[in-house]
>>> print(open('data-v8.cif').read())   # mmCIF, C-alpha atoms; chains and numbers go by the auth columns
data_data
#
loop_
_atom_site.group_PDB
_atom_site.id
_atom_site.type_symbol
_atom_site.label_atom_id
_atom_site.label_comp_id
_atom_site.label_asym_id
_atom_site.label_seq_id
_atom_site.Cartn_x
_atom_site.Cartn_y
_atom_site.Cartn_z
_atom_site.B_iso_or_equiv
_atom_site.auth_seq_id
_atom_site.auth_asym_id
ATOM 1 C CA MET A 1 18.533 -76.574 25.825 0.00 1045 A
ATOM 2 C CA ILE A 2 21.882 -75.153 26.904 0.00 1046 A
ATOM 3 C CA ARG A 3 25.474 -76.088 26.129 0.00 1047 A
ATOM 4 C CA ILE A 4 28.239 -76.485 28.699 0.00 1048 A
ATOM 5 C CA SER A 5 30.192 -73.724 26.966 0.00 1049 A
ATOM 6 C CA GLU A 6 27.245 -71.372 27.573 0.00 1050 A
ATOM 7 C CA LEU A 7 27.047 -72.338 31.263 0.00 1051 A
ATOM 8 C CA ARG A 8 30.741 -71.573 31.735 0.00 1052 A
ATOM 9 C CA GLU A 9 30.191 -67.968 30.603 0.00 1053 A
ATOM 10 C CA ARG A 10 27.684 -67.238 33.384 0.00 1054 A
ATOM 11 C CA GLU A 11 28.535 -65.843 36.802 0.00 1055 A
ATOM 12 C CA VAL A 12 27.603 -68.083 39.756 0.00 1056 A
ATOM 13 C CA VAL A 13 25.962 -66.080 42.576 0.00 1057 A
ATOM 14 C CA ASN A 14 25.061 -67.322 46.054 0.00 1058 A
ATOM 15 C CA VAL A 15 21.470 -66.362 46.948 0.00 1059 A
ATOM 16 C CA ASN A 16 22.253 -66.579 50.688 0.00 1060 A
ATOM 17 C CA ASP A 17 24.628 -63.609 50.773 0.00 1061 A
ATOM 18 C CA GLY A 18 24.703 -62.223 47.205 0.00 1062 A
ATOM 19 C CA ARG A 19 28.377 -63.150 46.853 0.00 1063 A
ATOM 20 C CA ARG A 20 29.742 -63.825 43.377 0.00 1064 A
ATOM 21 C CA LEU A 21 31.481 -67.190 43.456 0.00 1065 A
ATOM 22 C CA GLY A 22 32.913 -67.038 39.934 0.00 1066 A
ATOM 23 C CA ALA A 23 32.315 -69.012 36.768 0.00 1067 A
ATOM 24 C CA ILE A 24 31.881 -72.756 36.360 0.00 1068 A
ATOM 25 C CA ARG A 25 35.221 -74.479 35.837 0.00 1069 A
ATOM 26 C CA ASP A 26 34.004 -78.070 35.585 0.00 1070 A
ATOM 27 C CA LEU A 27 31.069 -80.447 36.020 0.00 1071 A
ATOM 28 C CA GLU A 28 30.775 -83.643 38.020 0.00 1072 A
ATOM 29 C CA LEU A 29 28.831 -86.241 36.018 0.00 1073 A
ATOM 30 C CA ASP A 30 27.159 -89.537 36.903 0.00 1074 A
ATOM 31 C CA LEU A 31 27.880 -91.546 33.768 0.00 1075 A
ATOM 32 C CA GLU A 32 25.702 -94.498 34.803 0.00 1076 A
ATOM 33 C CA LYS A 33 22.603 -92.317 35.194 0.00 1077 A
ATOM 34 C CA GLY A 34 23.558 -89.751 32.574 0.00 1078 A
ATOM 35 C CA THR A 35 23.065 -86.805 34.947 0.00 1079 A
ATOM 36 C CA VAL A 36 25.000 -83.798 36.202 0.00 1080 A
ATOM 37 C CA LYS A 37 25.777 -84.269 39.905 0.00 1081 A
ATOM 38 C CA ALA A 38 27.466 -80.932 40.653 0.00 1082 A
ATOM 39 C CA ILE A 39 29.108 -77.817 39.298 0.00 1083 A
ATOM 40 C CA ILE A 40 32.654 -76.907 40.312 0.00 1084 A
ATOM 41 C CA VAL A 41 33.596 -73.253 40.778 0.00 1085 A
ATOM 42 C CA PRO A 42 37.175 -72.221 41.671 0.00 1086 A
ATOM 43 C CA ALA A 43 37.358 -70.417 45.010 0.00 1087 A
ATOM 44 C CA ALA A 44 38.390 -66.751 45.039 0.00 1088 A
ATOM 45 C CA GLY A 45 42.096 -66.144 44.572 0.00 1089 A
ATOM 46 C CA ARG A 46 42.659 -69.083 42.268 0.00 1090 A
ATOM 47 C CA ILE A 47 44.165 -68.552 38.858 0.00 1091 A
ATOM 48 C CA TRP A 48 44.061 -71.506 36.486 0.00 1092 A
ATOM 49 C CA GLY A 49 43.595 -73.736 39.525 0.00 1093 A
ATOM 50 C CA LYS A 50 47.000 -72.692 40.938 0.00 1094 A
ATOM 51 C CA LEU A 51 48.619 -70.101 43.198 0.00 1095 A
ATOM 52 C CA SER A 52 46.286 -70.752 46.113 0.00 1096 A
ATOM 53 C CA ARG A 53 45.597 -73.489 48.602 0.00 1097 A
ATOM 54 C CA THR A 54 41.897 -72.664 48.718 0.00 1098 A
ATOM 55 C CA GLN A 55 39.591 -75.434 47.531 0.00 1099 A
ATOM 56 C CA SER A 56 36.994 -75.135 44.797 0.00 1100 A
ATOM 57 C CA TYR A 57 33.294 -74.884 45.539 0.00 1101 A
ATOM 58 C CA LEU A 58 31.483 -78.156 44.784 0.00 1102 A
ATOM 59 C CA ILE A 59 27.827 -77.224 44.397 0.00 1103 A
ATOM 60 C CA PRO A 60 25.336 -80.090 44.010 0.00 1104 A
ATOM 61 C CA TRP A 61 23.044 -79.739 41.000 0.00 1105 A
ATOM 62 C CA GLU A 62 19.950 -79.716 43.244 0.00 1106 A
ATOM 63 C CA LYS A 63 21.321 -76.548 44.945 0.00 1107 A
ATOM 64 C CA ILE A 64 21.006 -74.569 41.705 0.00 1108 A
ATOM 65 C CA VAL A 65 18.068 -72.220 42.226 0.00 1109 A
ATOM 66 C CA LYS A 66 17.868 -70.701 38.742 0.00 1110 A
ATOM 67 C CA ILE A 67 19.881 -70.543 35.553 0.00 1111 A
ATOM 68 C CA GLY A 68 19.393 -67.101 34.075 0.00 1112 A
ATOM 69 C CA VAL A 69 20.587 -65.343 30.940 0.00 1113 A
ATOM 70 C CA ASP A 70 23.899 -64.223 32.481 0.00 1114 A
ATOM 71 C CA THR A 71 23.929 -65.660 36.024 0.00 1115 A
ATOM 72 C CA ILE A 72 23.412 -68.947 37.823 0.00 1116 A
ATOM 73 C CA LEU A 73 21.838 -68.589 41.268 0.00 1117 A
ATOM 74 C CA VAL A 74 22.838 -71.215 43.826 0.00 1118 A
ATOM 75 C CA ASP A 75 21.892 -71.997 47.423 0.00 1119 A
ATOM 76 C CA HIS A 76 25.382 -72.423 48.927 0.00 1120 A
ATOM 77 C CA PRO A 77 25.967 -72.258 52.696 0.00 1121 A
ATOM 78 C CA VAL A 78 27.581 -68.977 53.811 0.00 1122 A
ATOM 79 C CA GLY A 79 31.157 -69.455 54.976 0.00 1123 A
ATOM 80 C CA ASP A 80 31.888 -72.514 52.800 0.00 1124 A
#
>>> encode(input="data-v8.cif", output="structure tokens")
Amino acid sequence: MIRISELREREVVNVNDGRRLGAIRDLELDLEKGTVKAIIVPAAGRIWGKLSRTQSYLIPWEKIVKIGVDTILVDHPVGD
């Protein structure tokens, strides 16, 4: 089992291009089903969610390839 606080400490890496996307900022939950729908990672250049017009990455839970000891590998389209 893993805690949300532990997930937020791990670097999110895109397996398609090896790019580091950042750390998890938030989760999208389905309260009716009791499941995690997606992870939300701030796009590069964002500080505390401000100072940039770039959107965050919304990565569906089923696109998580592997949760490792210090990284989370995701299958995120290149260029998004």
>>> residues_near_point(input="data-v8.cif", point="(28.2, -62.2, 43.4)", cutoff="12 Å", atoms="all atoms listed in the file", output="ChimeraX atom specification")
/A:1054-1067,1088,1114-1118,1120
>>> resolve_selection(input="data-v8.cif", expression="the PyMOL selection byres ((chain A and resi 1069) around 7)", output="list of chain:residue names")
A:Arg1052, A:Ala1067, A:Ile1068, A:Asp1070, A:Ile1084, A:Val1085, A:Pro1086
>>> atom_distance(input="data-v8.cif", atom1="CA of Glu1076 (chain A)", atom2="CA of Gly1112 (chain A)")
28.1 Å
>>> closest_residue(input="data-v8.cif", among="A:Asp1074, A:Val1080, A:Tyr1101, A:Lys1107", to="Ile1048 (chain A)", atoms="all atoms listed in the file")
A:Val1080
>>> atom_distance(input="data-v8.cif", atom1="CA of Ile1103 (chain A)", atom2="CA of Lys1081 (chain A)")
8.6 Å
>>> closest_residue(input="data-v8.cif", among="A:Glu1106, A:Glu1053, A:Ser1100, A:Asp1119", to="Thr1079 (chain A)", atoms="only C-alpha atoms")
A:Glu1106
>>> atom_distance(input="data-v8.cif", atom1="CA of Leu1051 (chain A)", atom2="CA of Val1113 (chain A)")
9.5 Å
>>> closest_residue(input="data-v8.cif", among="A:Ala1087, A:Gln1099, A:Ile1046, A:Trp1105", to="Leu1071 (chain A)", atoms="only C-alpha atoms")
A:Trp1105
>>> decode(input="data-v8.cif", residues="region 1049-1068 of chain A", atoms="N, CA and C atoms", output="PDB file, in the first residue's frame")
ATOM      1  N   SER A1049       0.924  11.062   0.033  1.00  0.00           N
ATOM      2  CA  SER A1049       2.117  11.865   0.335  1.00  0.00           C
ATOM      3  C   SER A1049       3.379  11.218  -0.236  1.00  0.00           C
ATOM      4  N   GLU A1050       3.420   9.895  -0.284  1.00  0.00           N
ATOM      5  CA  GLU A1050       4.565   9.189  -0.863  1.00  0.00           C
ATOM      6  C   GLU A1050       4.569   9.315  -2.384  1.00  0.00           C
ATOM      7  N   LEU A1051       3.401   9.273  -3.006  1.00  0.00           N
ATOM      8  CA  LEU A1051       3.307   9.443  -4.460  1.00  0.00           C
ATOM      9  C   LEU A1051       3.802  10.820  -4.879  1.00  0.00           C
ATOM     10  N   ARG A1052       3.481  11.837  -4.099  1.00  0.00           N
ATOM     11  CA  ARG A1052       3.832  13.209  -4.453  1.00  0.00           C
ATOM     12  C   ARG A1052       5.332  13.463  -4.414  1.00  0.00           C
ATOM     13  N   GLU A1053       6.090  12.587  -3.776  1.00  0.00           N
ATOM     14  CA  GLU A1053       7.543  12.741  -3.685  1.00  0.00           C
ATOM     15  C   GLU A1053       8.264  12.128  -4.884  1.00  0.00           C
ATOM     16  N   ARG A1054       7.553  11.409  -5.724  1.00  0.00           N
ATOM     17  CA  ARG A1054       8.172  10.697  -6.844  1.00  0.00           C
ATOM     18  C   ARG A1054       8.090  11.496  -8.138  1.00  0.00           C
ATOM     19  N   GLU A1055       9.146  11.423  -8.917  1.00  0.00           N
ATOM     20  CA  GLU A1055       9.229  12.103 -10.199  1.00  0.00           C
ATOM     21  C   GLU A1055       8.404  11.342 -11.235  1.00  0.00           C
ATOM     22  N   VAL A1056       7.603  12.052 -12.022  1.00  0.00           N
ATOM     23  CA  VAL A1056       6.805  11.447 -13.080  1.00  0.00           C
ATOM     24  C   VAL A1056       7.604  11.554 -14.375  1.00  0.00           C
ATOM     25  N   VAL A1057       7.841  10.403 -15.038  1.00  0.00           N
ATOM     26  CA  VAL A1057       8.651  10.347 -16.249  1.00  0.00           C
ATOM     27  C   VAL A1057       7.831   9.723 -17.372  1.00  0.00           C
ATOM     28  N   ASN A1058       7.876  10.354 -18.548  1.00  0.00           N
ATOM     29  CA  ASN A1058       7.173   9.858 -19.717  1.00  0.00           C
ATOM     30  C   ASN A1058       8.020   8.790 -20.412  1.00  0.00           C
ATOM     31  N   VAL A1059       7.485   7.578 -20.563  1.00  0.00           N
ATOM     32  CA  VAL A1059       8.246   6.497 -21.187  1.00  0.00           C
ATOM     33  C   VAL A1059       8.406   6.705 -22.688  1.00  0.00           C
ATOM     34  N   ASN A1060       7.606   7.566 -23.302  1.00  0.00           N
ATOM     35  CA  ASN A1060       7.677   7.776 -24.748  1.00  0.00           C
ATOM     36  C   ASN A1060       8.889   8.590 -25.191  1.00  0.00           C
ATOM     37  N   ASP A1061       9.348   9.514 -24.341  1.00  0.00           N
ATOM     38  CA  ASP A1061      10.499  10.326 -24.713  1.00  0.00           C
ATOM     39  C   ASP A1061      11.508  10.517 -23.578  1.00  0.00           C
ATOM     40  N   GLY A1062      11.251   9.905 -22.419  1.00  0.00           N
ATOM     41  CA  GLY A1062      12.171   9.994 -21.286  1.00  0.00           C
ATOM     42  C   GLY A1062      12.112  11.324 -20.557  1.00  0.00           C
ATOM     43  N   ARG A1063      11.182  12.187 -20.936  1.00  0.00           N
ATOM     44  CA  ARG A1063      11.081  13.516 -20.342  1.00  0.00           C
ATOM     45  C   ARG A1063      10.522  13.441 -18.925  1.00  0.00           C
ATOM     46  N   ARG A1064      11.127  14.210 -18.035  1.00  0.00           N
ATOM     47  CA  ARG A1064      10.626  14.339 -16.665  1.00  0.00           C
ATOM     48  C   ARG A1064       9.510  15.366 -16.671  1.00  0.00           C
ATOM     49  N   LEU A1065       8.332  14.956 -16.238  1.00  0.00           N
ATOM     50  CA  LEU A1065       7.178  15.850 -16.241  1.00  0.00           C
ATOM     51  C   LEU A1065       7.050  16.627 -14.946  1.00  0.00           C
ATOM     52  N   GLY A1066       7.637  16.126 -13.870  1.00  0.00           N
ATOM     53  CA  GLY A1066       7.545  16.786 -12.572  1.00  0.00           C
ATOM     54  C   GLY A1066       6.975  15.848 -11.532  1.00  0.00           C
ATOM     55  N   ALA A1067       6.460  16.406 -10.472  1.00  0.00           N
ATOM     56  CA  ALA A1067       5.877  15.628  -9.385  1.00  0.00           C
ATOM     57  C   ALA A1067       4.364  15.808  -9.382  1.00  0.00           C
ATOM     58  N   ILE A1068       3.663  14.839  -8.835  1.00  0.00           N
ATOM     59  CA  ILE A1068       2.209  14.901  -8.766  1.00  0.00           C
ATOM     60  C   ILE A1068       1.791  16.078  -7.885  1.00  0.00           C
TER      61      ILE A1068
END
